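> This one is query_32.txt, compact mmCIF, C-alpha atoms and all ligand atoms.
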```txt
# COMPACT_ATOMS: atom_id res chain seq x y z
CA MET A 279 40.77 39.83 46.65
CA GLN A 280 38.09 42.37 45.90
CA ILE A 281 35.96 41.60 42.85
CA SER A 282 34.15 44.46 41.15
CA LEU A 283 32.08 44.19 37.99
CA GLN A 284 31.22 47.90 38.00
CA GLN A 285 30.38 49.29 34.52
CA GLN A 286 29.91 45.76 33.17
CA VAL A 287 26.70 44.37 31.73
CA ALA A 288 25.76 40.74 32.29
CA LEU A 289 23.03 38.70 30.64
CA VAL A 290 21.91 35.57 32.49
CA THR A 291 19.59 33.16 30.71
CA GLY A 292 17.16 31.14 32.76
CA ALA A 293 17.36 33.67 35.58
CA SER A 294 13.85 33.24 36.98
CA SER A 295 14.89 30.50 39.41
CA GLY A 296 17.66 28.27 40.68
CA ILE A 297 21.26 28.75 39.65
CA GLY A 298 20.37 31.46 37.12
CA ALA A 299 18.59 33.59 39.72
CA GLY A 300 21.46 33.10 42.16
CA ALA A 301 24.02 34.06 39.53
CA ALA A 302 22.07 37.19 38.55
CA LYS A 303 21.85 38.27 42.18
CA ALA A 304 25.55 37.71 42.79
CA LEU A 305 26.60 39.52 39.59
CA ALA A 306 24.43 42.48 40.58
CA ALA A 307 25.92 42.48 44.08
CA ALA A 308 29.36 42.68 42.44
CA GLY A 309 28.25 45.82 40.60
CA ALA A 310 27.18 44.56 37.16
CA ALA A 311 24.01 45.70 35.44
CA VAL A 312 22.09 42.50 34.88
CA VAL A 313 19.55 41.30 32.34
CA LEU A 314 17.48 38.46 33.73
CA ASN A 315 16.17 36.33 30.90
CA TYR A 316 13.23 34.04 31.56
CA ASN A 317 11.12 31.85 29.32
CA SER A 318 7.73 31.20 30.93
CA GLN A 319 8.16 32.51 34.48
CA ALA A 320 7.92 36.28 34.13
CA ALA A 321 6.78 37.04 37.69
CA PRO A 322 9.79 35.72 39.65
CA ALA A 323 12.25 37.23 37.15
CA GLU A 324 10.54 40.60 37.38
CA ALA A 325 10.40 40.38 41.17
CA LEU A 326 14.14 39.66 41.33
CA ALA A 327 14.88 42.54 38.96
CA ALA A 328 12.79 44.85 41.17
CA GLN A 329 14.63 43.62 44.26
CA ILE A 330 18.03 44.34 42.64
CA ASN A 331 16.88 47.79 41.52
CA ALA A 332 15.49 48.59 44.98
CA ALA A 333 18.87 47.68 46.48
CA GLY A 334 20.55 50.27 44.23
CA GLY A 335 21.59 47.91 41.43
CA GLN A 336 20.52 47.85 37.81
CA ALA A 337 18.43 45.00 36.49
CA LEU A 338 15.90 44.26 33.80
CA ALA A 339 13.86 41.11 33.14
CA ILE A 340 13.44 40.13 29.48
CA GLY A 341 11.43 37.16 28.21
CA GLY A 342 12.60 34.86 25.46
CA ASP A 343 13.03 31.20 24.58
CA VAL A 344 16.76 30.51 24.11
CA SER A 345 16.02 27.71 21.66
CA LYS A 346 14.40 30.16 19.21
CA GLU A 347 16.73 32.18 17.04
CA ALA A 348 14.42 35.19 16.75
CA ASP A 349 13.88 35.33 20.51
CA VAL A 350 17.62 35.22 21.15
CA GLU A 351 18.35 37.97 18.62
CA ARG A 352 15.65 40.14 20.22
CA LEU A 353 16.94 39.40 23.73
CA PHE A 354 20.45 40.58 22.90
CA ALA A 355 19.18 43.62 20.97
CA GLN A 356 17.01 44.64 23.94
CA THR A 357 20.00 44.19 26.25
CA LEU A 358 22.06 46.60 24.15
CA ASP A 359 19.13 49.04 23.94
CA ALA A 360 18.78 49.03 27.72
CA PHE A 361 22.42 49.08 28.84
CA GLY A 362 24.52 49.96 25.77
CA HIS A 363 27.04 47.11 26.14
CA LEU A 364 27.41 43.44 26.90
CA ASP A 365 30.41 42.10 28.82
CA ILE A 366 29.26 38.84 30.37
CA LEU A 367 26.95 36.05 29.21
CA VAL A 368 25.93 33.31 31.60
CA ALA A 369 24.37 30.70 29.28
CA ASN A 370 22.43 28.95 31.99
CA SER A 371 18.97 27.95 30.73
CA GLY A 372 18.47 24.24 31.02
CA LEU A 373 15.89 21.60 31.71
CA GLN A 374 15.39 17.88 32.19
CA LYS A 375 12.82 15.58 30.57
CA ASP A 376 13.74 12.27 32.08
CA ALA A 377 12.95 8.79 30.73
CA ASN A 378 14.74 5.59 29.89
CA LEU A 379 15.85 5.59 26.27
CA VAL A 380 13.27 2.99 25.18
CA ASP A 381 10.47 5.20 26.49
CA MET A 382 11.88 8.57 25.53
CA THR A 383 9.84 10.48 22.99
CA LEU A 384 11.52 12.32 20.16
CA GLU A 385 9.82 15.44 21.45
CA ASP A 386 11.50 15.12 24.86
CA TRP A 387 14.85 14.40 23.23
CA ASN A 388 14.49 17.45 20.97
CA THR A 389 13.27 19.78 23.72
CA VAL A 390 16.26 19.06 25.93
CA ILE A 391 18.82 19.32 23.13
CA SER A 392 17.18 22.52 21.83
CA VAL A 393 17.17 24.35 25.15
CA ASN A 394 20.35 22.98 26.75
CA LEU A 395 22.63 22.85 23.70
CA THR A 396 21.18 24.79 20.77
CA GLY A 397 20.18 27.55 23.21
CA GLN A 398 23.78 27.86 24.35
CA PHE A 399 24.96 27.97 20.72
CA LEU A 400 22.49 30.72 19.79
CA CYS A 401 23.31 32.82 22.86
CA ALA A 402 27.07 32.36 22.51
CA ARG A 403 26.88 33.36 18.84
CA ALA A 404 24.95 36.52 19.63
CA ALA A 405 27.33 37.41 22.46
CA VAL A 406 30.53 36.81 20.46
CA ARG A 407 29.20 38.98 17.63
CA ILE A 408 28.66 41.81 20.12
CA PHE A 409 32.02 41.29 21.86
CA ASN A 410 33.79 41.45 18.49
CA ARG A 411 32.08 44.70 17.56
CA GLN A 412 32.73 46.18 20.97
CA GLY A 413 36.37 45.13 21.47
CA ILE A 414 38.13 45.60 24.79
CA ARG A 415 36.59 48.33 26.91
CA GLU A 416 39.67 49.93 28.47
CA GLY A 417 39.44 50.31 32.22
CA VAL A 418 36.42 47.99 32.40
CA SER A 419 37.87 44.52 31.78
CA ARG A 420 41.01 42.94 30.32
CA ALA A 421 38.79 40.78 28.09
CA ALA A 422 36.51 41.83 25.24
CA GLY A 423 33.85 39.58 26.76
CA LYS A 424 33.31 36.55 28.92
CA ILE A 425 30.96 33.60 28.46
CA ILE A 426 30.18 31.09 31.18
CA HIS A 427 28.48 27.97 29.89
CA MET A 428 26.43 26.25 32.60
CA SER A 429 27.01 22.56 32.16
CA SER A 430 26.72 19.71 34.67
CA VAL A 431 28.73 16.89 36.21
CA HIS A 432 26.86 14.90 33.57
CA GLN A 433 29.13 16.29 30.86
CA LEU A 434 31.43 13.65 32.38
CA ILE A 435 29.34 11.19 34.39
CA PRO A 436 26.94 9.04 32.33
CA TRP A 437 23.40 9.18 33.73
CA ALA A 438 21.02 6.30 33.03
CA GLY A 439 17.48 7.50 32.51
CA HIS A 440 18.63 10.93 31.38
CA VAL A 441 20.27 10.29 28.01
CA ASN A 442 18.98 13.52 26.45
CA TYR A 443 20.28 15.62 29.35
CA ALA A 444 23.69 13.92 29.56
CA ALA A 445 24.13 14.17 25.77
CA SER A 446 23.24 17.86 25.87
CA LYS A 447 25.79 18.55 28.60
CA GLY A 448 28.48 16.52 26.85
CA GLY A 449 27.74 18.74 23.87
CA VAL A 450 28.00 21.86 26.00
CA GLU A 451 31.52 20.87 27.03
CA MET A 452 32.75 20.57 23.43
CA LEU A 453 30.84 23.69 22.40
CA MET A 454 32.60 25.55 25.20
CA ARG A 455 36.10 24.20 24.53
CA THR A 456 35.87 24.56 20.77
CA LEU A 457 34.57 28.08 21.05
CA ALA A 458 37.34 28.92 23.52
CA GLN A 459 39.92 27.69 21.03
CA GLU A 460 38.21 29.70 18.27
CA VAL A 461 37.79 33.11 19.92
CA SER A 462 40.50 33.41 22.59
CA GLU A 463 42.73 35.39 20.25
CA GLN A 464 39.98 37.99 20.12
CA ARG A 465 40.43 38.17 23.90
CA ILE A 466 37.06 36.58 24.53
CA ARG A 467 37.15 34.24 27.50
CA ILE A 468 34.97 31.15 27.35
CA ASN A 469 34.64 28.81 30.34
CA GLY A 470 32.18 26.36 31.81
CA ILE A 471 30.82 25.40 35.19
CA ALA A 472 29.78 21.83 35.95
CA PRO A 473 27.55 21.84 39.01
CA GLY A 474 26.72 18.65 40.84
CA ALA A 475 23.63 18.36 42.99
CA ILE A 476 22.60 21.90 43.84
CA ARG A 477 19.39 22.44 45.80
CA THR A 478 17.02 23.87 43.15
CA ALA A 479 13.64 23.04 41.61
CA ILE A 480 15.22 20.83 38.93
CA ASN A 481 16.17 18.17 41.48
CA ARG A 482 13.78 18.79 44.37
CA ALA A 483 12.70 15.13 44.46
CA ALA A 484 16.31 13.95 44.76
CA THR A 485 17.36 16.40 47.45
CA GLU A 486 14.58 15.97 50.01
CA GLY A 487 13.85 13.35 52.66
CA ALA A 488 15.01 9.77 52.15
CA ALA A 489 16.20 10.55 48.62
CA GLU A 490 18.67 13.07 50.00
CA LYS A 491 20.33 10.34 52.10
CA GLU A 492 20.83 8.25 48.97
CA LEU A 493 22.13 11.25 47.06
CA LEU A 494 24.67 12.06 49.78
CA LYS A 495 26.34 8.68 49.13
CA LEU A 496 27.45 10.24 45.83
CA ILE A 497 28.84 13.41 47.44
CA PRO A 498 32.09 12.90 49.37
CA TYR A 499 31.88 16.38 50.87
CA GLY A 500 28.67 15.36 52.60
CA ARG A 501 26.20 18.04 51.65
CA VAL A 502 23.98 19.10 48.79
CA GLY A 503 25.22 22.29 47.15
CA ASP A 504 23.61 25.69 47.49
CA VAL A 505 22.96 28.09 44.65
CA GLU A 506 25.52 30.45 46.18
CA ASP A 507 28.25 27.81 45.76
CA VAL A 508 27.79 28.19 42.01
CA ALA A 509 26.91 31.90 41.96
CA ASN A 510 30.19 32.86 43.65
CA ALA A 511 32.12 30.95 41.00
CA VAL A 512 30.14 32.69 38.25
CA VAL A 513 31.23 36.08 39.61
CA TRP A 514 34.86 34.96 39.78
CA LEU A 515 34.84 33.50 36.26
CA ALA A 516 33.21 36.68 34.96
CA SER A 517 35.84 38.89 36.55
CA ASP A 518 39.45 39.74 35.73
CA ALA A 519 40.48 37.73 38.81
CA SER A 520 40.23 34.72 36.47
CA ASP A 521 41.66 36.48 33.40
CA TYR A 522 44.04 33.62 32.56
CA VAL A 523 41.34 30.94 32.84
CA VAL A 524 40.38 29.99 29.29
CA GLY A 525 38.46 26.96 28.10
CA SER A 526 38.19 25.38 31.54
CA THR A 527 35.34 23.67 33.28
CA LEU A 528 35.08 24.30 36.99
CA PHE A 529 33.42 21.35 38.74
CA ILE A 530 31.37 22.53 41.71
CA ASP A 531 30.07 19.26 43.01
CA GLY A 532 31.31 18.43 46.51
CA GLY A 533 33.46 15.76 44.87
CA MET A 534 30.66 13.95 43.00
CA SER A 535 32.89 13.63 39.93
CA LEU A 536 35.51 11.78 42.02
CA TYR A 537 33.45 8.56 41.67
CA PRO A 538 33.02 8.03 45.43
CA GLU A 539 31.47 4.57 44.81
CA PHE A 540 35.05 3.43 44.31
CA ARG A 541 36.01 4.15 47.92
CA GLY A 542 36.92 0.71 49.26
CA ASN A 543 35.73 -0.90 46.07
CA GLY A 544 37.00 -1.73 42.59
C1 LIG B 1 21.01 17.79 37.41
C2 LIG B 1 20.44 17.47 38.76
C3 LIG B 1 21.27 16.39 39.42
C4 LIG B 1 22.73 16.74 39.39
C5 LIG B 1 23.61 15.61 39.95
C6 LIG B 1 22.46 18.15 37.56
O1 LIG B 1 23.01 18.53 36.34
O2 LIG B 1 20.28 18.85 36.81
O3 LIG B 1 19.10 17.04 38.63
O4 LIG B 1 20.85 16.21 40.77
O5 LIG B 1 23.15 17.04 38.09
O6 LIG B 1 23.27 14.36 39.43
```
Do you think you could lay out the structure here as structure tokens?

Amino acid sequence: MQISLQQQVALVTGASSGIGAGAAKALAAAGAAVVLNYNSQAAPAEALAAQINAAGGQALAIGGDVSKEADVERLFAQTLDAFGHLDILVANSGLQKDANLVDMTLEDWNTVISVNLTGQFLCARAAVRIFNRQGIREGVSRAAGKIIHMSSVHQLIPWAGHVNYAASKGGVEMLMRTLAQEVSEQRIRINGIAPGAIRTAINRAATEGAAEKELLKLIPYGRVGDVEDVANAVVWLASDASDYVVGSTLFIDGGMSLYPEFRGNG
């Protein structure tokens, strides 16, 4: 199976590091022109865009806070100005502000919900409006547009000490599935990815040293995931190779969502 995203334009939010950066790189390698959105970290996003351009691809870094409506509208307008179309949105921006519920501030609750859930709503809305205007681009893709919502195993697995994050990801799942039901007849494909423990900055403390040994007890497959494990799936979900996949969440977690604590127990 050869996947080509030639002539397609992809926008990846939160592309300055981690899964977003990996997804942007992989989409560019598959031939897509890529917009790398970042919020505060301009330098790594610009460096990655330069690297993609130097390798013969097309990339542009654009700043913007996905939780702010005006920023999102500007981000999508600048994408169209630069590349003329939009075919793929990877709604990836996300963060954690961890605390037990009794100690969690309203500010930390609101920040996580705003970025992880409202940000995905604002970006999906902007993308669907463009896909509807654009329609199917014959010879480019069978779909009028594709959205990949980056979720987490914690859309399914409750996570003590992270109630804002788990609630946001549970919300992402129903945003994704409801939107899929709503716009599929316009030939817009909406899907989600639920990564488990992937080695990135968001979980550095949990994936290094003694903590990693503990973490591996939760991963039947016996290793922490790499960004590429998720990035490859992003490319597949963005391509016509997955054209009949609609409203699904792909768990990429080494089996974390299989509740391995139940092996020999329960
Ligand atoms: C979180 C990581 C965590 C992983 C598995 C992800 O969604 O962002 O911090 O290691 O889920 O628990």
> Quick one: residues within 9 Å of segment 299-303 of chain A, all atoms listed in the file, excluding same-chain residues fewer than 2 positions away - as a PyMOL selection string?
chain A and resi 288-290+292-297+305-308+312-314+323+326-327+330+337+368+505-506+508-513
> Give me, as a PyMOL selection string, the set of residues whose atoms come within 7 Å of any atom of ligand LIG 1 (chain B), counting only C-alpha atoms and all ligand atoms.
chain A and resi 374+430-432+473-476+480-481+484
> May I have the residues within 7 Å of Met428 of chain A as a list of chain:residue names, using all atoms listed in the file and disregarding those fewer than 3 positions away in the same chain?
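Here the qualifying residues turn out to be A:Ala369, A:Asn370, A:Gly470, A:Ile471, A:Ala472.
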> Closest to Glu351 of chain A among A:Leu384, A:Cys401, A:Asn331, A:Lys375, using only C-alpha atoms?
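Answer, going by the shortest atom-to-atom distance: A:Cys401.
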> What separation in Å, quoted to one decimal, exists between atom CA of Lys424 of chain A and atom CA of Ala516 of chain A?
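It comes out at 6.0 Å.
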> Could you give me segment 466-477 of chain A completed to all heavy atoms, formatted as a tab-separated table (two decimals), in the frame of the given file?

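Listing of rebuild.tsv after writing:
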```tsv
chain	number	residue	atom	x	y	z
A	466	ILE	N	38.36	36.96	23.96
A	466	ILE	CA	37.06	36.58	24.53
A	466	ILE	C	37.31	35.33	25.36
A	466	ILE	O	37.93	34.38	24.87
A	466	ILE	CB	36.02	36.33	23.43
A	466	ILE	CG1	35.78	37.62	22.64
A	466	ILE	CG2	34.72	35.79	24.03
A	466	ILE	CD1	34.94	37.43	21.39
A	467	ARG	N	36.89	35.36	26.59
A	467	ARG	CA	37.15	34.24	27.50
A	467	ARG	C	35.91	33.37	27.65
A	467	ARG	O	34.85	33.84	28.05
A	467	ARG	CB	37.57	34.75	28.88
A	467	ARG	CG	39.05	35.01	28.97
A	467	ARG	CD	39.56	35.09	30.38
A	467	ARG	NE	38.76	35.90	31.28
A	467	ARG	CZ	38.16	35.43	32.35
A	467	ARG	NH1	38.21	34.14	32.66
A	467	ARG	NH2	37.48	36.24	33.15
A	468	ILE	N	36.08	32.11	27.29
A	468	ILE	CA	34.97	31.15	27.35
A	468	ILE	C	35.32	30.09	28.39
A	468	ILE	O	36.40	29.48	28.32
A	468	ILE	CB	34.80	30.43	25.98
A	468	ILE	CG1	34.81	31.41	24.80
A	468	ILE	CG2	33.56	29.55	25.98
A	468	ILE	CD1	33.60	32.25	24.66
A	469	ASN	N	34.44	29.86	29.33
A	469	ASN	CA	34.64	28.81	30.34
A	469	ASN	C	33.30	28.16	30.67
A	469	ASN	O	32.25	28.63	30.26
A	469	ASN	CB	35.27	29.41	31.61
A	469	ASN	CG	36.72	29.80	31.41
A	469	ASN	OD1	37.60	28.95	31.25
A	469	ASN	ND2	36.98	31.11	31.36
A	470	GLY	N	33.40	27.07	31.41
A	470	GLY	CA	32.18	26.36	31.81
A	470	GLY	C	32.17	26.09	33.30
A	470	GLY	O	33.21	26.10	33.97
A	471	ILE	N	30.98	25.86	33.81
A	471	ILE	CA	30.82	25.40	35.19
A	471	ILE	C	30.01	24.11	35.14
A	471	ILE	O	29.00	24.02	34.43
A	471	ILE	CB	30.09	26.45	36.05
A	471	ILE	CG1	30.99	27.68	36.24
A	471	ILE	CG2	29.71	25.86	37.42
A	471	ILE	CD1	30.37	28.76	37.10
A	472	ALA	N	30.48	23.12	35.89
A	472	ALA	CA	29.78	21.83	35.95
A	472	ALA	C	29.28	21.62	37.38
A	472	ALA	O	30.02	21.07	38.21
A	472	ALA	CB	30.71	20.71	35.51
A	473	PRO	N	28.07	22.06	37.66
A	473	PRO	CA	27.55	21.84	39.01
A	473	PRO	C	27.16	20.37	39.21
A	473	PRO	O	26.74	19.69	38.28
A	473	PRO	CB	26.30	22.72	39.08
A	473	PRO	CG	26.35	23.59	37.86
A	473	PRO	CD	27.14	22.83	36.84
A	474	GLY	N	27.27	19.94	40.45
A	474	GLY	CA	26.72	18.65	40.84
A	474	GLY	C	25.31	18.85	41.34
A	474	GLY	O	24.51	19.57	40.71
A	475	ALA	N	24.99	18.23	42.44
A	475	ALA	CA	23.63	18.36	42.99
A	475	ALA	C	23.52	19.66	43.78
A	475	ALA	O	24.09	19.79	44.86
A	475	ALA	CB	23.33	17.17	43.88
A	476	ILE	N	22.83	20.59	43.21
A	476	ILE	CA	22.60	21.90	43.84
A	476	ILE	C	21.12	21.95	44.18
A	476	ILE	O	20.27	21.57	43.35
A	476	ILE	CB	22.97	23.05	42.86
A	476	ILE	CG1	24.39	22.88	42.30
A	476	ILE	CG2	22.79	24.41	43.55
A	476	ILE	CD1	25.52	22.91	43.28
A	477	ARG	N	20.79	22.44	45.36
A	477	ARG	CA	19.39	22.44	45.80
A	477	ARG	C	18.58	23.46	45.00
A	477	ARG	O	18.63	24.65	45.29
A	477	ARG	CB	19.35	22.77	47.30
A	477	ARG	CG	18.20	22.16	48.04
A	477	ARG	CD	18.25	22.51	49.52
A	477	ARG	NE	19.31	21.85	50.25
A	477	ARG	CZ	19.26	20.57	50.65
A	477	ARG	NH1	18.22	19.84	50.39
A	477	ARG	NH2	20.28	20.05	51.32
```
